[in-house]
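Asker: Got a structure here, written out as structure tokens. Questions coming.
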Amino acid sequence: MRTRKGAALLLLLVAGWAAPAAAAGPRGADRAAIGETAVDVARDFWDLIQQIRGDGGDTLRQSRARTTGPQPQAIPPAADNGLVLDLSDLSQPLELEEQLGQLAGQAAADMRVTVARGSARLGAFSIGSDQVVTGDLLVVRGDAQVFGRLQGNLVTYDGDIVIHPGAVVSGDVLAVHGVVHDRGGEIGGEASTLSAAPIAAAAAADPPLSPLQATIRRIAGVIGVFLALAALGYGLGAFGRHHLQVVSDTVSHNFGRAFITGLVGQILILPTFGMLVVGLVLSVAGILLLPFAVAVYVLLVIVGVVGGFLAVAHAMGETYTRRRLAQGILVGAPGTYRFLLAGLAASMALWAAWAVFGWVPVAGGFIRGAAILITWLLGTAGLGAAMLSRAGVRENFAGRIIPPEALTDEYLWATPQFGVPAVKRPGAGSRAPGPGA
């Protein structure tokens with residue numbers, strides 16, 4: 001396939017070269033142009049051979065860039081308002097880039113550059129294998145192809161540098177907004193590149209926000225997270241209320257156990273995932289199921305963390321609401337949604353404080369750290385409660401199972417088994433005291 005492409009490209013090149021030569025004719029005035037065309041033919045043919053061999057993967061792209069870029073020509077030296085450059089020292093590429101930036105918006109006809117002890121070229125430029133160029137060389141808006149020898153430094157602006165096998169550059173090589181391709185030549189100094197990506201990214205970066213704008217953005221972020229969690233809690237309460245209440249009761253009755261379980265679960269998340277992947281890879285059927293297993297595992301972890309956090313918020317809201325009811329305060333009809341909203345508001349209180357006072361130098365960082373710590377504690381306890389209750393299926397730690405001894409007749413009368421002094425049960429022949437007793 002590569003040979004066919006090379007042959008087709010060769011035919012196109014021959015046809016393109018033959019037409020100008022036939023049109024020019026063998027007149028004496030055009031003999032010099034014909035000689036230059038012959039040299040260009042030889043160079044392009046060498047590029048074609050390098051492409052077919054695979055050593056010049058960028059040669060075709062560079063030849064297309066030469067045809068679509070500006071017309072190769074020498075840049076006239078500067079007079080009074082031109083640019084004067086000294087390329088003998090390339091240790092300050094940023095300063096050189098700033099100087100060359102003056103050429104970015106200039107037209108080819110208006111461009112004037114003087115290179116001390118060197119020359120400047122516009123468009124693609126090549127140094128033939130039998131050529132020796134003395135002095136520093138600047139190539140603007142084109143690639144520099146070096147096949148021969150350059151006694152000096154080489155700099156390109158908006159172009160690449162290609163050092164072909166057998167080429168020699170005695171000095172340093174710098175590609176500003178380009179790339180240096182060393183194909184096996186010899187570079188006497190250092191080869192470096194200066195990409196335009198960091199500069200463009202810095203120019204496109206947003207300006208710093210004022211304290212008021214930063215505060216408004218943080219408040220909007222906190223409100224967005226609260227609404228997202230409230231929407232998830234509403235869906236969980238509508239379609240999985242029983243499971244949510246079981247996980248919530250597990251947190252309320254066994255918070256310490258739930259926190260330890262969640263902490264261990266966080267430690268084992270990655271090892272368990274690795275074991276799952278390795279176990280599936282070892283079998284043919286497991287490899288086919290690997291994408292689905294990974295997706296399910298990640299989904300389970302997310303559901304466990306988010307669902308557990310919502311269960312903790314439910315438990316906090318339920319505890320707060322019941323305490324207000326015990327104080328005789330009318331709070332309306334208590335329910336799952338009220339518990340969730342109250343718990344989420346309490347869990348997001350520190351984040352709201354950080355959103356408002358985050359601009360304060362020391363207090364803002366302290367509040368943010370406390371909010372992260374509290375959120376991690378609640379999320380860890382919620383994950384552990386979800387693991388203990390099997391996502392709300394198992395009620396062993398929810399405080400809902402009455403022990404068997406509590407279902408006997410002894411449960412009606414306090415006994416030392418429950419830590420309360422025994423009460424004498426009235427016998428069958430006992431008589432209740434009369435009114436005068």
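Each chain of the structure tokens is named A, B, ... in the order shown, its residues numbered from 1; ligands are numbered from 1 in display order.
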Find the spatial neighbours of segment 356-366 of chain A, counting only C-alpha atoms, within a cut-off of 10 Å - ignore same-chain residues fewer than 4 positions away - and output them as a PyMOL selection string.
Answerer: chain A and resi 210-212+214-216+218-219+350-352+370-372
Asker: Taking 5 positions as the minimum chain separation for residues in the same chain, which residues sit within 9 Å of Ser88 of chain A when counting only C-alpha atoms? Answer as a PyMOL selection string.
Answerer: chain A and resi 116-117+136+152-153+171-172
Asker: Limited to N, CA and C atoms, could you put the picked residues into a file as a PDB file, in the first residue's frame?
Answerer:
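Ended up saving to again_2.pdb:
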ATOM      1  N   ALA A 116      21.710  39.513  12.849  1.00  0.00           N
ATOM      2  CA  ALA A 116      23.136  39.809  12.969  1.00  0.00           C
ATOM      3  C   ALA A 116      23.952  38.561  12.641  1.00  0.00           C
ATOM      4  N   ARG A 117      24.883  38.726  11.705  1.00  0.00           N
ATOM      5  CA  ARG A 117      25.753  37.636  11.284  1.00  0.00           C
ATOM      6  C   ARG A 117      24.951  36.440  10.799  1.00  0.00           C
ATOM      7  N   ASP A 136      23.982  32.461  11.301  1.00  0.00           N
ATOM      8  CA  ASP A 136      22.713  32.069  11.919  1.00  0.00           C
ATOM      9  C   ASP A 136      21.581  32.199  10.905  1.00  0.00           C
ATOM     10  N   GLY A 152      26.202  27.609  12.270  1.00  0.00           N
ATOM     11  CA  GLY A 152      25.557  28.635  13.074  1.00  0.00           C
ATOM     12  C   GLY A 152      24.342  28.071  13.775  1.00  0.00           C
ATOM     13  N   ASN A 153      23.527  28.950  14.334  1.00  0.00           N
ATOM     14  CA  ASN A 153      22.300  28.552  15.018  1.00  0.00           C
ATOM     15  C   ASN A 153      21.126  28.582  14.037  1.00  0.00           C
ATOM     16  N   GLY A 171      25.626  24.769  15.568  1.00  0.00           N
ATOM     17  CA  GLY A 171      25.164  25.505  16.736  1.00  0.00           C
ATOM     18  C   GLY A 171      23.921  24.911  17.369  1.00  0.00           C
ATOM     19  N   ASP A 172      23.141  25.784  18.004  1.00  0.00           N
ATOM     20  CA  ASP A 172      21.906  25.383  18.668  1.00  0.00           C
ATOM     21  C   ASP A 172      20.751  25.404  17.683  1.00  0.00           C
TER      22      ASP A 172
END
Asker: Need to verify the contact set: Met387 of chain A, 8 Å, only C-alpha atoms, exclusion of same-chain residues closer than 3 positions in sequence. Can you return it as a tab-separated table (two decimals) with C-alpha atoms, in the first residue's frame?
Answerer:
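Writing done, so here's selection_34.tsv:
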chain	number	residue	atom	x	y	z
A	261	THR	CA	-17.37	-0.95	58.81
A	262	GLY	CA	-17.40	1.97	56.39
A	304	GLY	CA	-23.50	2.84	48.69
A	383	LEU	CA	-21.40	3.47	53.74
A	384	GLY	CA	-20.85	1.22	56.73
A	390	ARG	CA	-27.10	-5.09	52.94
A	391	ALA	CA	-28.56	-1.90	51.42
Asker: Please identify which residues in segment 112-356 of chain A DSSP calls strand (DSSP E or B) from the backbone, and express them as a PyMOL selection string.
Answerer: chain A and resi 113-115+118-122+125-127+132-134+136-140+144-146+149-151+154-157+161-163+168-169+173-176+180-182+186-187+191-194
Asker: Those selected residues, please, written with N, CA and C atoms and delivered as a CSV table (one decimal), in the first residue's frame.
Answerer:
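What landed in part-v6.csv:
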chain,number,residue,atom,x,y,z
A,113,VAL,N,13.4,42.1,8.5
A,113,VAL,CA,14.1,41.5,9.6
A,113,VAL,C,15.6,41.5,9.3
A,114,THR,N,16.4,41.9,10.3
A,114,THR,CA,17.8,41.8,10.2
A,114,THR,C,18.4,40.9,11.2
A,115,VAL,N,19.1,39.9,10.8
A,115,VAL,CA,19.7,38.9,11.7
A,115,VAL,C,21.2,39.2,11.7
A,118,GLY,N,23.9,36.7,10.1
A,118,GLY,CA,23.1,35.7,9.5
A,118,GLY,C,22.0,36.2,8.5
A,119,SER,N,21.0,35.3,8.3
A,119,SER,CA,20.0,35.7,7.3
A,119,SER,C,18.6,35.2,7.8
A,120,ALA,N,17.6,35.7,7.1
A,120,ALA,CA,16.2,35.4,7.5
A,120,ALA,C,15.4,35.0,6.2
A,121,ARG,N,14.6,33.9,6.4
A,121,ARG,CA,13.8,33.4,5.3
A,121,ARG,C,12.4,33.4,5.6
A,122,LEU,N,11.5,33.6,4.7
A,122,LEU,CA,10.0,33.5,4.8
A,122,LEU,C,9.6,32.2,4.1
A,125,PHE,N,12.1,26.4,3.9
A,125,PHE,CA,13.5,26.6,3.4
A,125,PHE,C,14.3,25.3,3.6
A,126,SER,N,15.1,24.9,2.6
A,126,SER,CA,15.9,23.7,2.7
A,126,SER,C,17.3,24.0,2.4
A,127,ILE,N,18.2,23.3,3.1
A,127,ILE,CA,19.6,23.3,2.9
A,127,ILE,C,20.0,22.0,2.2
A,132,VAL,N,26.5,24.5,2.0
A,132,VAL,CA,27.0,24.9,3.3
A,132,VAL,C,26.6,26.3,3.5
A,133,VAL,N,25.8,26.6,4.5
A,133,VAL,CA,25.3,27.9,4.9
A,133,VAL,C,26.0,28.4,6.1
A,134,THR,N,26.6,29.6,6.0
A,134,THR,CA,27.4,30.1,7.1
A,134,THR,C,26.6,31.2,7.7
A,136,ASP,N,24.0,32.5,11.3
A,136,ASP,CA,22.7,32.1,11.9
A,136,ASP,C,21.6,32.2,10.9
A,137,LEU,N,20.6,31.3,11.1
A,137,LEU,CA,19.5,31.3,10.1
A,137,LEU,C,18.1,31.3,10.8
A,138,LEU,N,17.3,32.2,10.3
A,138,LEU,CA,15.9,32.3,10.9
A,138,LEU,C,14.9,32.0,9.8
A,139,VAL,N,14.0,31.1,10.0
A,139,VAL,CA,12.9,30.7,9.1
A,139,VAL,C,11.6,31.0,9.7
A,140,VAL,N,10.8,31.9,9.0
A,140,VAL,CA,9.5,32.3,9.6
A,140,VAL,C,8.4,31.7,8.7
A,144,ALA,N,12.0,24.2,8.3
A,144,ALA,CA,13.4,24.2,7.9
A,144,ALA,C,13.9,22.8,7.7
A,145,GLN,N,14.2,22.4,6.5
A,145,GLN,CA,14.7,21.1,6.1
A,145,GLN,C,16.3,21.2,6.0
A,146,VAL,N,17.0,20.5,6.8
A,146,VAL,CA,18.5,20.5,6.7
A,146,VAL,C,19.0,19.2,6.2
A,149,ARG,N,24.9,21.3,5.5
A,149,ARG,CA,25.7,21.8,6.7
A,149,ARG,C,25.3,23.3,7.0
A,150,LEU,N,25.0,23.6,8.2
A,150,LEU,CA,24.8,24.9,8.7
A,150,LEU,C,25.8,25.3,9.8
A,151,GLN,N,26.6,26.3,9.5
A,151,GLN,CA,27.6,26.7,10.5
A,151,GLN,C,27.0,27.9,11.3
A,154,LEU,N,20.1,27.8,14.3
A,154,LEU,CA,18.9,27.7,13.5
A,154,LEU,C,17.7,27.9,14.3
A,155,VAL,N,16.8,28.8,13.9
A,155,VAL,CA,15.6,29.2,14.6
A,155,VAL,C,14.5,29.2,13.6
A,156,THR,N,13.4,28.6,14.0
A,156,THR,CA,12.1,28.7,13.2
A,156,THR,C,11.0,29.3,14.0
A,157,TYR,N,10.2,30.1,13.4
A,157,TYR,CA,9.0,30.7,14.0
A,157,TYR,C,7.8,30.2,13.3
A,161,ILE,N,11.6,22.0,12.5
A,161,ILE,CA,12.9,21.8,12.1
A,161,ILE,C,13.2,20.3,11.9
A,162,VAL,N,13.6,19.9,10.7
A,162,VAL,CA,13.9,18.5,10.4
A,162,VAL,C,15.4,18.4,10.1
A,163,ILE,N,16.1,17.7,10.9
A,163,ILE,CA,17.5,17.4,10.6
A,163,ILE,C,17.6,16.0,10.0
A,168,VAL,N,24.4,18.4,9.3
A,168,VAL,CA,25.2,18.9,10.4
A,168,VAL,C,24.8,20.4,10.7
A,169,VAL,N,24.5,20.6,11.9
A,169,VAL,CA,24.2,22.0,12.4
A,169,VAL,C,25.2,22.2,13.6
A,173,VAL,N,19.7,24.7,18.0
A,173,VAL,CA,18.5,24.5,17.2
A,173,VAL,C,17.3,24.9,18.1
A,174,LEU,N,16.5,25.8,17.7
A,174,LEU,CA,15.3,26.2,18.5
A,174,LEU,C,14.1,26.4,17.5
A,175,ALA,N,13.0,25.7,17.9
A,175,ALA,CA,11.7,25.8,17.1
A,175,ALA,C,10.7,26.5,18.0
A,176,VAL,N,10.4,27.7,17.6
A,176,VAL,CA,9.4,28.5,18.4
A,176,VAL,C,8.1,28.3,17.7
A,180,VAL,N,11.1,20.1,16.8
A,180,VAL,CA,12.4,19.7,16.2
A,180,VAL,C,12.4,18.2,16.0
A,181,HIS,N,12.6,17.8,14.7
A,181,HIS,CA,12.7,16.3,14.4
A,181,HIS,C,14.1,16.0,14.0
A,182,ASP,N,14.7,15.2,14.8
A,182,ASP,CA,16.1,14.7,14.5
A,182,ASP,C,16.0,13.4,13.9
A,186,GLU,N,23.4,15.6,12.9
A,186,GLU,CA,24.3,16.0,14.0
A,186,GLU,C,24.0,17.4,14.3
A,187,ILE,N,23.7,17.6,15.6
A,187,ILE,CA,23.5,18.9,16.2
A,187,ILE,C,24.6,19.2,17.2
A,191,ALA,N,19.1,21.2,21.2
A,191,ALA,CA,17.9,21.3,20.5
A,191,ALA,C,16.7,21.5,21.4
A,192,SER,N,16.0,22.5,21.2
A,192,SER,CA,14.8,22.8,22.1
A,192,SER,C,13.7,23.4,21.3
A,193,THR,N,12.5,23.2,21.9
A,193,THR,CA,11.3,23.7,21.3
A,193,THR,C,10.5,24.6,22.3
A,194,LEU,N,9.8,25.5,21.8
A,194,LEU,CA,8.9,26.4,22.6
A,194,LEU,C,7.5,26.4,22.0
Asker: Can you pull out every residue from segment 78-257 of chain A that DSSP, working from the backbone, puts in helix (DSSP H, G or I), and format the result as a VMD selection string?
Answerer: chain A and resid 93 to 103 197 to 204 211 to 239 241 to 253 255 to 257
Asker: Considering only C-alpha atoms, return as an MDAnalysis selection string whatever protein or nucleic-acid residues lie within 8 Å of Gly233 of chain A, sequence-local ones (same chain, fewer than 3 positions apart) excluded.
Answerer: chainID A and resid 229:230 236:237 310 337 340
Asker: Which residues come within 8 Å of segment 242-250 of chain A, counting only C-alpha atoms, excluding same-chain residues fewer than 5 positions away, as a ChimeraX atom specification?
Answerer: /A:236-237,255,258,307-308,311-312,314-315,382,385-386,388-389,391-395,397-399
Asker: Tell me, as a list in words, which residues lie within 9 Å of Leu290 of chain A, counting only C-alpha atoms; anything in the same chain fewer than 3 positions away does not count.
Answerer: Leu276, Val277, Leu280, Val281, Ala285, Gly286, Ile287, Ala293, Val294 and Ala295 of chain A
Asker: Take the selection from the previous step and output its residues with N, CA and C atoms, as an mmCIF file, in the first residue's frame.
Answerer:
data_model
loop_
_atom_site.group_PDB
_atom_site.id
_atom_site.type_symbol
_atom_site.label_atom_id
_atom_site.label_comp_id
_atom_site.auth_asym_id
_atom_site.auth_seq_id
_atom_site.Cartn_x
_atom_site.Cartn_y
_atom_site.Cartn_z
ATOM 1 N N LEU A 276 -11.501 -8.517 41.501
ATOM 2 C CA LEU A 276 -12.589 -8.764 40.560
ATOM 3 C C LEU A 276 -12.088 -8.750 39.124
ATOM 4 N N VAL A 277 -11.260 -7.772 38.795
ATOM 5 C CA VAL A 277 -10.743 -7.679 37.429
ATOM 6 C C VAL A 277 -9.842 -8.863 37.105
ATOM 7 N N LEU A 280 -11.851 -12.090 36.585
ATOM 8 C CA LEU A 280 -12.583 -12.152 35.330
ATOM 9 C C LEU A 280 -11.649 -12.304 34.132
ATOM 10 N N VAL A 281 -10.460 -11.707 34.219
ATOM 11 C CA VAL A 281 -9.521 -11.799 33.097
ATOM 12 C C VAL A 281 -8.997 -13.214 32.917
ATOM 13 N N ALA A 285 -14.964 -16.339 29.475
ATOM 14 C CA ALA A 285 -16.272 -15.734 29.691
ATOM 15 C C ALA A 285 -16.160 -14.491 30.565
ATOM 16 N N GLY A 286 -15.199 -14.504 31.508
ATOM 17 C CA GLY A 286 -15.025 -13.342 32.369
ATOM 18 C C GLY A 286 -14.545 -12.119 31.619
ATOM 19 N N ILE A 287 -13.728 -12.320 30.581
ATOM 20 C CA ILE A 287 -13.262 -11.187 29.785
ATOM 21 C C ILE A 287 -14.441 -10.507 29.094
ATOM 22 N N ALA A 293 -19.170 -5.965 34.576
ATOM 23 C CA ALA A 293 -18.839 -6.118 35.989
ATOM 24 C C ALA A 293 -18.227 -4.848 36.551
ATOM 25 N N VAL A 294 -17.356 -4.211 35.788
ATOM 26 C CA VAL A 294 -16.745 -2.961 36.244
ATOM 27 C C VAL A 294 -17.805 -1.883 36.414
ATOM 28 N N ALA A 295 -18.720 -1.783 35.443
ATOM 29 C CA ALA A 295 -19.780 -0.773 35.535
ATOM 30 C C ALA A 295 -20.678 -1.028 36.744
#
